[in-house]
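Student: Okay, handing you the structure first.
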Amino acid sequence: MKTTLLLEKEAVENLLPQKFPFVMVDKMFSFDETSLVAGLKIQSENIFSENGTFLEAGLIEHMAQSVALHTGYVFFLKQEKAPTGYIGSIKQIDIKKLPNVNDEIQSTITIIQEFAGITLVDIVTTLNNEEIANGQMKTVLAK
């Protein structure tokens with residue numbers, strides 16, 4: 001399956017509230033009203049890389065920032081400044097495998113429900129088309 005790159009590192013970083021060295025998304029492959037596919041090539045200098053492995057906290061942050069990228073892009077399309085968001089809750093995260101430095105991961109977020117600045121999403125993260133993590137998260141926009 002060939003994926004088309006819609007946005008690269010600089011454009012993605014402009015849509016996220018996180019700044020270097022805390023940015024865990026560097027590509028956007030697809031977007032629609034209810035879903036997004038985001039990517040990250042894991043660098044050795046990544047703050048969540050240790051001994052050549054991308055840690056659980058980095059994987060979860062990548063998943064959360066994939067949700068934030070969706071929100072940021074929605075506001076960008078409306079020509080409005082995106083508000084800061086927070087992880088409201090993590091219902092469940094199942095990490096099956098940790099990626100390594102130089103691996104490129106992709107997360108697909110699917111919005112289940114969105115109401116009053118609270119978004120419930122399913123997230124699936126893959127490495128070379130193999131599912132390595134999945135979960136469900138609620139994010140909340142700051143007022």
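Residue numbers start at 1 in each chain; chains themselves are named A, B, ... in the order of the structure tokens; ligands are numbered from 1 in the order shown.
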I want to know what sits within 7 Å of Thr119 (chain A), based on only C-alpha atoms, with residues of the same chain fewer than 6 positions away left out; could you give that as a ChimeraX atom specification?
Tutor: /A:113,138-140
Student: Mind running region 18-77 of chain A against region 95-106 of chain A at 8 Å and telling me each contacting residue's nearest atom pair with the distance in Å (one decimal), counting only C-alpha atoms, chain and number ascending, as JSON lines?
Tutor:
{"residue": "A:Val37", "atom": "CA", "partner": "A:Gln106", "partner_atom": "CA", "distance": 6.6}
{"residue": "A:Ala38", "atom": "CA", "partner": "A:Gln106", "partner_atom": "CA", "distance": 5.5}
{"residue": "A:Gly39", "atom": "CA", "partner": "A:Gln106", "partner_atom": "CA", "distance": 4.3}
{"residue": "A:Leu40", "atom": "CA", "partner": "A:Ile105", "partner_atom": "CA", "distance": 5.4}
{"residue": "A:Lys41", "atom": "CA", "partner": "A:Glu104", "partner_atom": "CA", "distance": 4.2}
{"residue": "A:Ile42", "atom": "CA", "partner": "A:Val101", "partner_atom": "CA", "distance": 5.1}
{"residue": "A:Gln43", "atom": "CA", "partner": "A:Val101", "partner_atom": "CA", "distance": 5.5}
{"residue": "A:Ser44", "atom": "CA", "partner": "A:Val101", "partner_atom": "CA", "distance": 5.6}
{"residue": "A:Ser49", "atom": "CA", "partner": "A:Val101", "partner_atom": "CA", "distance": 7.0}
{"residue": "A:Gly52", "atom": "CA", "partner": "A:Val101", "partner_atom": "CA", "distance": 5.2}
{"residue": "A:Thr53", "atom": "CA", "partner": "A:Asn100", "partner_atom": "CA", "distance": 4.3}
{"residue": "A:Phe54", "atom": "CA", "partner": "A:Asn100", "partner_atom": "CA", "distance": 5.5}
{"residue": "A:Leu55", "atom": "CA", "partner": "A:Leu98", "partner_atom": "CA", "distance": 6.7}
{"residue": "A:Glu56", "atom": "CA", "partner": "A:Leu98", "partner_atom": "CA", "distance": 7.1}
{"residue": "A:Leu59", "atom": "CA", "partner": "A:Leu98", "partner_atom": "CA", "distance": 7.9}
Student: Rounded to one decimal place, report the CA of Ile90 (chain A)-CA of Glu8 (chain A) distance in Å.
Tutor: 27.5 Å
Student: Would you mind reading off the distance between CA of Tyr86 (chain A) and CA of Leu127 (chain A), one decimal, in Å?
Tutor: 25.6 Å
Student: How would you write, as a ChimeraX atom specification, the set of residues in chain A that DSSP gives as helix (DSSP H, G or I)?
Tutor: /A:9-15,56-77
Student: Applying 10 Å and only C-alpha atoms, which residues near region 17-25 of chain A remain after dropping the ones on its own chain fewer than 5 positions away? List them as a PDB file with N, CA, C and O atoms, in the first residue's frame.
Tutor:
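Result written to part-v2.pdb:
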ATOM      1  N   GLU A   8       5.139  17.549   5.579  1.00  0.00           N
ATOM      2  CA  GLU A   8       6.409  17.104   6.145  1.00  0.00           C
ATOM      3  C   GLU A   8       6.709  17.862   7.431  1.00  0.00           C
ATOM      4  O   GLU A   8       5.940  18.709   7.870  1.00  0.00           O
ATOM      5  N   LYS A   9       7.867  17.565   7.991  1.00  0.00           N
ATOM      6  CA  LYS A   9       8.291  17.992   9.320  1.00  0.00           C
ATOM      7  C   LYS A   9       7.967  19.446   9.671  1.00  0.00           C
ATOM      8  O   LYS A   9       7.301  19.705  10.664  1.00  0.00           O
ATOM      9  N   VAL A  12       4.198  20.191   9.757  1.00  0.00           N
ATOM     10  CA  VAL A  12       3.584  19.459  10.873  1.00  0.00           C
ATOM     11  C   VAL A  12       3.888  20.164  12.190  1.00  0.00           C
ATOM     12  O   VAL A  12       2.998  20.383  13.019  1.00  0.00           O
ATOM     13  N   ALA A  38      -0.537   9.717  10.750  1.00  0.00           N
ATOM     14  CA  ALA A  38       0.667  10.508  11.023  1.00  0.00           C
ATOM     15  C   ALA A  38       1.860   9.575  11.146  1.00  0.00           C
ATOM     16  O   ALA A  38       1.708   8.393  11.471  1.00  0.00           O
ATOM     17  N   GLY A  39       3.046  10.116  10.902  1.00  0.00           N
ATOM     18  CA  GLY A  39       4.247   9.299  10.979  1.00  0.00           C
ATOM     19  C   GLY A  39       5.345   9.954  11.784  1.00  0.00           C
ATOM     20  O   GLY A  39       5.314  11.152  12.055  1.00  0.00           O
ATOM     21  N   LEU A  40       6.324   9.126  12.155  1.00  0.00           N
ATOM     22  CA  LEU A  40       7.514   9.600  12.845  1.00  0.00           C
ATOM     23  C   LEU A  40       8.683   8.697  12.490  1.00  0.00           C
ATOM     24  O   LEU A  40       8.599   7.473  12.661  1.00  0.00           O
ATOM     25  N   LYS A  41       9.754   9.299  11.993  1.00  0.00           N
ATOM     26  CA  LYS A  41      11.012   8.564  11.851  1.00  0.00           C
ATOM     27  C   LYS A  41      11.785   8.802  13.143  1.00  0.00           C
ATOM     28  O   LYS A  41      12.086   9.941  13.497  1.00  0.00           O
ATOM     29  N   ILE A  42      12.078   7.736  13.847  1.00  0.00           N
ATOM     30  CA  ILE A  42      12.691   7.828  15.166  1.00  0.00           C
ATOM     31  C   ILE A  42      14.192   8.083  15.019  1.00  0.00           C
ATOM     32  O   ILE A  42      14.897   7.295  14.397  1.00  0.00           O
ATOM     33  N   GLU A  45      18.659  10.956  18.573  1.00  0.00           N
ATOM     34  CA  GLU A  45      18.640  12.039  19.559  1.00  0.00           C
ATOM     35  C   GLU A  45      17.257  12.283  20.165  1.00  0.00           C
ATOM     36  O   GLU A  45      17.092  13.164  21.009  1.00  0.00           O
ATOM     37  N   ASN A  46      16.267  11.498  19.770  1.00  0.00           N
ATOM     38  CA  ASN A  46      14.926  11.641  20.333  1.00  0.00           C
ATOM     39  C   ASN A  46      14.989  11.438  21.849  1.00  0.00           C
ATOM     40  O   ASN A  46      15.627  10.510  22.333  1.00  0.00           O
ATOM     41  N   ILE A  47      14.307  12.321  22.592  1.00  0.00           N
ATOM     42  CA  ILE A  47      14.378  12.260  24.056  1.00  0.00           C
ATOM     43  C   ILE A  47      13.773  10.985  24.626  1.00  0.00           C
ATOM     44  O   ILE A  47      14.030  10.656  25.786  1.00  0.00           O
ATOM     45  N   PHE A  48      13.000  10.261  23.824  1.00  0.00           N
ATOM     46  CA  PHE A  48      12.419   8.997  24.275  1.00  0.00           C
ATOM     47  C   PHE A  48      13.154   7.778  23.717  1.00  0.00           C
ATOM     48  O   PHE A  48      12.658   6.657  23.813  1.00  0.00           O
ATOM     49  N   GLY A  58       7.408   7.470  24.695  1.00  0.00           N
ATOM     50  CA  GLY A  58       7.496   8.109  23.386  1.00  0.00           C
ATOM     51  C   GLY A  58       6.411   7.626  22.441  1.00  0.00           C
ATOM     52  O   GLY A  58       5.829   8.408  21.687  1.00  0.00           O
ATOM     53  N   LEU A  59       6.136   6.337  22.502  1.00  0.00           N
ATOM     54  CA  LEU A  59       5.087   5.771  21.651  1.00  0.00           C
ATOM     55  C   LEU A  59       3.720   6.357  22.018  1.00  0.00           C
ATOM     56  O   LEU A  59       2.942   6.754  21.145  1.00  0.00           O
ATOM     57  N   ILE A  60       3.442   6.460  23.312  1.00  0.00           N
ATOM     58  CA  ILE A  60       2.170   7.037  23.763  1.00  0.00           C
ATOM     59  C   ILE A  60       2.104   8.523  23.390  1.00  0.00           C
ATOM     60  O   ILE A  60       1.061   9.006  22.942  1.00  0.00           O
ATOM     61  N   GLU A  61       3.203   9.241  23.546  1.00  0.00           N
ATOM     62  CA  GLU A  61       3.222  10.657  23.171  1.00  0.00           C
ATOM     63  C   GLU A  61       3.038  10.820  21.663  1.00  0.00           C
ATOM     64  O   GLU A  61       2.338  11.730  21.208  1.00  0.00           O
ATOM     65  N   HIS A  62       3.636   9.925  20.867  1.00  0.00           N
ATOM     66  CA  HIS A  62       3.420   9.954  19.409  1.00  0.00           C
ATOM     67  C   HIS A  62       1.927   9.770  19.099  1.00  0.00           C
ATOM     68  O   HIS A  62       1.378  10.478  18.249  1.00  0.00           O
ATOM     69  N   MET A  63       1.297   8.843  19.789  1.00  0.00           N
ATOM     70  CA  MET A  63      -0.130   8.599  19.568  1.00  0.00           C
ATOM     71  C   MET A  63      -0.945   9.853  19.912  1.00  0.00           C
ATOM     72  O   MET A  63      -1.814  10.274  19.139  1.00  0.00           O
ATOM     73  N   ALA A  64      -0.648  10.464  21.054  1.00  0.00           N
ATOM     74  CA  ALA A  64      -1.375  11.665  21.480  1.00  0.00           C
ATOM     75  C   ALA A  64      -1.137  12.832  20.518  1.00  0.00           C
ATOM     76  O   ALA A  64      -2.073  13.570  20.187  1.00  0.00           O
ATOM     77  N   GLN A  65       0.091  12.997  20.063  1.00  0.00           N
ATOM     78  CA  GLN A  65       0.378  14.090  19.139  1.00  0.00           C
ATOM     79  C   GLN A  65      -0.249  13.863  17.764  1.00  0.00           C
ATOM     80  O   GLN A  65      -0.529  14.829  17.044  1.00  0.00           O
ATOM     81  N   SER A  66      -0.498  12.618  17.411  1.00  0.00           N
ATOM     82  CA  SER A  66      -1.224  12.337  16.172  1.00  0.00           C
ATOM     83  C   SER A  66      -2.647  12.891  16.277  1.00  0.00           C
ATOM     84  O   SER A  66      -3.174  13.460  15.317  1.00  0.00           O
ATOM     85  N   ALA A  68      -3.443  15.431  18.275  1.00  0.00           N
ATOM     86  CA  ALA A  68      -3.248  16.885  18.272  1.00  0.00           C
ATOM     87  C   ALA A  68      -3.049  17.417  16.850  1.00  0.00           C
ATOM     88  O   ALA A  68      -3.505  18.513  16.526  1.00  0.00           O
ATOM     89  N   LEU A  69      -2.374  16.640  16.010  1.00  0.00           N
ATOM     90  CA  LEU A  69      -2.170  17.054  14.621  1.00  0.00           C
ATOM     91  C   LEU A  69      -3.506  17.152  13.891  1.00  0.00           C
ATOM     92  O   LEU A  69      -3.727  18.089  13.120  1.00  0.00           O
ATOM     93  N   GLY A  72      -5.060  20.343  15.120  1.00  0.00           N
ATOM     94  CA  GLY A  72      -4.326  21.482  14.571  1.00  0.00           C
ATOM     95  C   GLY A  72      -4.639  21.719  13.113  1.00  0.00           C
ATOM     96  O   GLY A  72      -4.780  22.866  12.672  1.00  0.00           O
ATOM     97  N   ALA A  82      -5.050  27.043  16.638  1.00  0.00           N
ATOM     98  CA  ALA A  82      -5.482  25.861  17.392  1.00  0.00           C
ATOM     99  C   ALA A  82      -5.232  26.062  18.881  1.00  0.00           C
ATOM    100  O   ALA A  82      -4.165  26.526  19.272  1.00  0.00           O
ATOM    101  N   PRO A  83      -6.207  25.700  19.708  1.00  0.00           N
ATOM    102  CA  PRO A  83      -5.988  25.777  21.147  1.00  0.00           C
ATOM    103  C   PRO A  83      -5.102  24.622  21.613  1.00  0.00           C
ATOM    104  O   PRO A  83      -4.955  23.622  20.919  1.00  0.00           O
ATOM    105  N   THR A  84      -4.518  24.787  22.779  1.00  0.00           N
ATOM    106  CA  THR A  84      -3.732  23.717  23.376  1.00  0.00           C
ATOM    107  C   THR A  84      -4.675  22.619  23.838  1.00  0.00           C
ATOM    108  O   THR A  84      -5.784  22.893  24.314  1.00  0.00           O
ATOM    109  N   GLY A  85      -4.245  21.380  23.702  1.00  0.00           N
ATOM    110  CA  GLY A  85      -5.044  20.253  24.161  1.00  0.00           C
ATOM    111  C   GLY A  85      -4.256  19.406  25.142  1.00  0.00           C
ATOM    112  O   GLY A  85      -3.030  19.529  25.245  1.00  0.00           O
ATOM    113  N   ILE A 105       7.430   4.849  12.197  1.00  0.00           N
ATOM    114  CA  ILE A 105       6.130   4.360  12.653  1.00  0.00           C
ATOM    115  C   ILE A 105       5.021   5.230  12.071  1.00  0.00           C
ATOM    116  O   ILE A 105       5.261   6.385  11.693  1.00  0.00           O
ATOM    117  N   GLN A 106       3.823   4.654  11.991  1.00  0.00           N
ATOM    118  CA  GLN A 106       2.643   5.397  11.548  1.00  0.00           C
ATOM    119  C   GLN A 106       1.513   5.115  12.519  1.00  0.00           C
ATOM    120  O   GLN A 106       1.323   3.977  12.947  1.00  0.00           O
ATOM    121  N   SER A 107       0.788   6.172  12.856  1.00  0.00           N
ATOM    122  CA  SER A 107      -0.394   6.017  13.700  1.00  0.00           C
ATOM    123  C   SER A 107      -1.618   6.491  12.936  1.00  0.00           C
ATOM    124  O   SER A 107      -1.612   7.564  12.336  1.00  0.00           O
TER     125      SER A 107
END
Student: Counting only C-alpha atoms, which residue out of A:Leu7, A:Val121, A:Leu36, A:Ala116 sits closest to Ser89 (chain A)?
Tutor: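 Between A:Leu7, A:Val121, A:Leu36, A:Ala116, the residue approaching Ser89 (chain A) most closely is A:Val121.
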